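Taking it in order: structure first as structure tokens, then the write-up.
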Amino acid sequence: MLVFILSAMISASVLYSFYTGDTGGVSAAALTGCGSAVSLCIDLAGAMALWGGLMAVAEKCGITNALNKLLQKPLGMLFKALPDPAAKKSISLNITANLLGLGNAATPLGIAAMKELCKQPESALKRRHIATFILLNTASIQLIPMTVSAMRLEHGAPDPWDCTLPTILTSACTLIFGLVLVRMIFAVRKGDAR
Amino acid sequence: MSAAVPIFIAVILLTACFKRVDVCAAFYEGAMENLKTAAELCPTLILLMTAIEMFSGSGASQALSGLLEPLTSALGFPAECTPLMLIRPISGSGSLAVLENILSSVPAESLAARTACVMMGATETTLYTIAVYYGAVKRRAGARIFAACLAADAAGFIFASIFAKLFFA
């Protein structure tokens with residue numbers, strides 16, 4: 001998929017430069033991207049490593065665990081009819097990792113949660129639970145936009161964190177919208193509950 | 001709000017001291033893991049950034065944004081954010097590269113840059129996430145799940161532009 005898009009973009013660039021007659025721009029651009037990619041990686045590496053280190057310390061201190069406990073109630077409401085405590089546990093661990101921006105940890109935990117969810121007997125409710133869980137993962141609920149802030153700092157923003165609050169508010173609104181949508185699309189009639 | 005992160009860091013480290021956690025060992029482990037992730041990101045990013053630089057350097061990106069301008073301006077999006085919205089659900093490193101491109105072409109304090117940052121921070125690589133999770137359990141993802149998640153993304157872009165305007169315009 002990505003390869004297809006990349007090839008399409010590059011061929012479009014070449015064709016468009018023939019159309020405008022400005023082939024110089026695109027040839028120069030072909031060589032500027034690689035350097036910027038390496039500098040971007042270096043900028044991000046610092047922020048990512050700092051965050052990963054801090055989160056490992058937070059994990060050892062039990063801070064991650066405390067957040068996980070805080071999540072039990074709201075998640076219990078979303079997955080009310082889910083009888084399996086193992087599935088609930090995997091879900092809350094995945095959501096905790098997502099909130100803290102631990103992408104590396106979130107994916108294996110999420111896959112474990114998906115496996116637990118799929119073990120439930122087939123029903124409309126099960127499909128809604130899976131959809132709810134997927135939505136929680138696609139509606140980016142990260143609390144601190146570390147990468148974006150690091151990039152803003154690099155591009156000379158005096159307060160690189162100033163997008164944090166609007167980002168959290170946007171995430172919250174998107175999540176609520178998505179959850180309502182999932183409830184509407186994956187309607188469960190009373191008889192289907194078991 | 002800008003003090004939240006330093007306070008958070010201080011709280012983590014103070015708790016670690018209080019609980020006598022070996023901060024250096026834990027930090028090393030976590031930092032090393034993410035350093036490796038950053039290094040692994042680099043080759044993909046080089047290819048992506050080359051494609052994106054060529055796309056914007058040739059003027060094709062502006063032409064595409066111009067083509068979609070009636071739609072984006074009706075929804076109140078800055079024109080610069082169009083490429084980001086197109087690639088965001090498909091590829092994480094791709095959207096990172098597009099965001100970098102946007103931040104290099106407009107000032108960091110502009111509404112367009114800030115909207116792009118909020119969009120980036122508040123949405124996910126939706127299609128990729130769905131593919132990974134459904135692939136892992138060998139289940140077919142139905143049309144309904146794609147519809148729900150992509151509609152939530154679209155809503156996310158609209159909310160991002162609303163909140164960016166509220167805070168910064």
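Each chain of the structure tokens is named A, B, ... in the order shown, its residues numbered from 1; ligands are numbered from 1 in display order.
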Contacts of segment 107-123 of chain B at 9 Å (only C-alpha atoms; same-chain gap of 2+ positions) as a VMD selection string: (chain A and resid 138 to 142 144 to 149 152 to 153 155 to 158 162 to 164 166 to 172 174) or (chain B and resid 77 to 81 84 to 85 88 to 89 95 to 96 99 102 to 105 125 to 126 152 to 153 156 to 165 168 to 169)
Excluding Ala51 of chain B and residues on its chain fewer than 4 positions from it, collect all residues at most 9 Å away from it, counting only C-alpha atoms, and give them as a VMD selection string. (chain A and resid 6 to 7 9 to 10 13 29 to 30 33) or (chain B and resid 46 to 47 55 to 56)
Return as JSON, numbers by chain the full set of residues in chain A whose backbone-based DSSP assignment is helix (DSSP H, G or I). {"A": [2, 3, 4, 5, 6, 7, 8, 9, 10, 11, 12, 13, 14, 15, 16, 17, 18, 19, 20, 23, 24, 25, 26, 27, 28, 29, 30, 31, 32, 33, 34, 35, 36, 37, 38, 39, 40, 41, 42, 43, 44, 45, 46, 47, 48, 49, 50, 51, 52, 53, 54, 55, 56, 57, 58, 59, 60, 61, 63, 64, 65, 66, 67, 68, 69, 70, 71, 72, 73, 74, 75, 76, 77, 78, 85, 86, 87, 88, 89, 90, 91, 92, 93, 94, 95, 96, 97, 98, 99, 103, 104, 105, 106, 107, 108, 109, 110, 111, 112, 113, 114, 115, 116, 117, 118, 119, 124, 125, 126, 127, 128, 129, 130, 131, 132, 133, 134, 135, 136, 137, 138, 146, 147, 148, 149, 150, 151, 152, 153, 154, 160, 161, 162, 163, 164, 165, 166, 167, 168, 169, 170, 171, 172, 173, 174, 175, 176, 177, 178, 179, 180, 181, 182, 183, 184, 185, 190, 191, 192, 193]}
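Remark: for Ala113 of chain A, the closest of the candidate residues A:Lys69, A:Lys89, A:Arg183, A:Lys126 is A:Lys89 (distances computed over only C-alpha atoms).
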Which residues are near Ala60 of chain B? Cut-off 9 Å, only C-alpha atoms, ignore same chain within fewer than 3 positions. Put them as a list in words.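 The residues that qualify are Met9, Ala12, Ser13, Val14, Leu15, Tyr16 and Ser17 of chain A; Met54, Phe55, Ser56, Gly57, Ala63, Leu64 and Ser65 of chain B.
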Give me a file of those residues, with N, CA, C and O atoms, as an mmCIF file, in the first residue's frame.
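For reference, selection.cif as written:
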data_model
loop_
_atom_site.group_PDB
_atom_site.id
_atom_site.type_symbol
_atom_site.label_atom_id
_atom_site.label_comp_id
_atom_site.auth_asym_id
_atom_site.auth_seq_id
_atom_site.Cartn_x
_atom_site.Cartn_y
_atom_site.Cartn_z
ATOM 1 N N MET A 9 3.455 9.019 -5.878
ATOM 2 C CA MET A 9 3.893 10.382 -5.562
ATOM 3 C C MET A 9 5.099 10.768 -6.399
ATOM 4 O O MET A 9 5.173 11.878 -6.936
ATOM 5 N N ALA A 12 4.162 11.156 -10.045
ATOM 6 C CA ALA A 12 3.384 12.388 -10.200
ATOM 7 C C ALA A 12 4.308 13.598 -10.167
ATOM 8 O O ALA A 12 4.153 14.534 -10.965
ATOM 9 N N SER A 13 5.320 13.563 -9.259
ATOM 10 C CA SER A 13 6.248 14.696 -9.162
ATOM 11 C C SER A 13 6.993 14.876 -10.469
ATOM 12 O O SER A 13 7.137 16.002 -10.970
ATOM 13 N N VAL A 14 7.496 13.743 -11.015
ATOM 14 C CA VAL A 14 8.281 13.828 -12.245
ATOM 15 C C VAL A 14 7.409 14.349 -13.394
ATOM 16 O O VAL A 14 7.780 15.285 -14.110
ATOM 17 N N LEU A 15 6.207 13.774 -13.524
ATOM 18 C CA LEU A 15 5.309 14.191 -14.606
ATOM 19 C C LEU A 15 4.917 15.661 -14.447
ATOM 20 O O LEU A 15 4.905 16.420 -15.411
ATOM 21 N N TYR A 16 4.632 16.060 -13.196
ATOM 22 C CA TYR A 16 4.194 17.431 -12.962
ATOM 23 C C TYR A 16 5.321 18.413 -13.279
ATOM 24 O O TYR A 16 5.084 19.492 -13.821
ATOM 25 N N SER A 17 6.571 17.998 -12.972
ATOM 26 C CA SER A 17 7.691 18.895 -13.253
ATOM 27 C C SER A 17 7.893 19.036 -14.768
ATOM 28 O O SER A 17 8.288 20.093 -15.252
ATOM 29 N N MET B 54 10.146 15.489 -3.081
ATOM 30 C CA MET B 54 9.960 15.573 -4.537
ATOM 31 C C MET B 54 8.549 16.020 -4.865
ATOM 32 O O MET B 54 8.314 16.846 -5.735
ATOM 33 N N PHE B 55 7.593 15.462 -4.119
ATOM 34 C CA PHE B 55 6.186 15.765 -4.368
ATOM 35 C C PHE B 55 5.910 17.241 -4.120
ATOM 36 O O PHE B 55 5.216 17.896 -4.899
ATOM 37 N N SER B 56 6.487 17.800 -3.045
ATOM 38 C CA SER B 56 6.215 19.217 -2.793
ATOM 39 C C SER B 56 7.148 20.099 -3.611
ATOM 40 O O SER B 56 6.746 21.179 -4.041
ATOM 41 N N GLY B 57 8.386 19.620 -3.867
ATOM 42 C CA GLY B 57 9.329 20.408 -4.656
ATOM 43 C C GLY B 57 8.890 20.606 -6.098
ATOM 44 O O GLY B 57 9.177 21.637 -6.711
ATOM 45 N N ALA B 63 -0.511 21.599 -6.098
ATOM 46 C CA ALA B 63 -1.570 21.433 -7.086
ATOM 47 C C ALA B 63 -2.692 20.561 -6.530
ATOM 48 O O ALA B 63 -3.878 20.868 -6.701
ATOM 49 N N LEU B 64 -2.299 19.484 -5.816
ATOM 50 C CA LEU B 64 -3.302 18.593 -5.223
ATOM 51 C C LEU B 64 -4.094 19.324 -4.140
ATOM 52 O O LEU B 64 -5.330 19.239 -4.096
ATOM 53 N N SER B 65 -3.374 20.065 -3.266
ATOM 54 C CA SER B 65 -4.055 20.830 -2.224
ATOM 55 C C SER B 65 -5.000 21.850 -2.847
ATOM 56 O O SER B 65 -6.091 22.095 -2.337
#
Which residue is closest to Leu179 of chain A? Choose from B:Ser73, B:Ala97, B:Ala148, B:Ala16 and count only C-alpha atoms.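 Selected residue with least distance to Leu179 of chain A: B:Ala148.
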Do you know which residues are at most 10 Å from Ala131 of chain B counting only C-alpha atoms, after dropping those on the same chain fewer than 6 positions away, and could you put them as a ChimeraX atom specification? /B:138-141
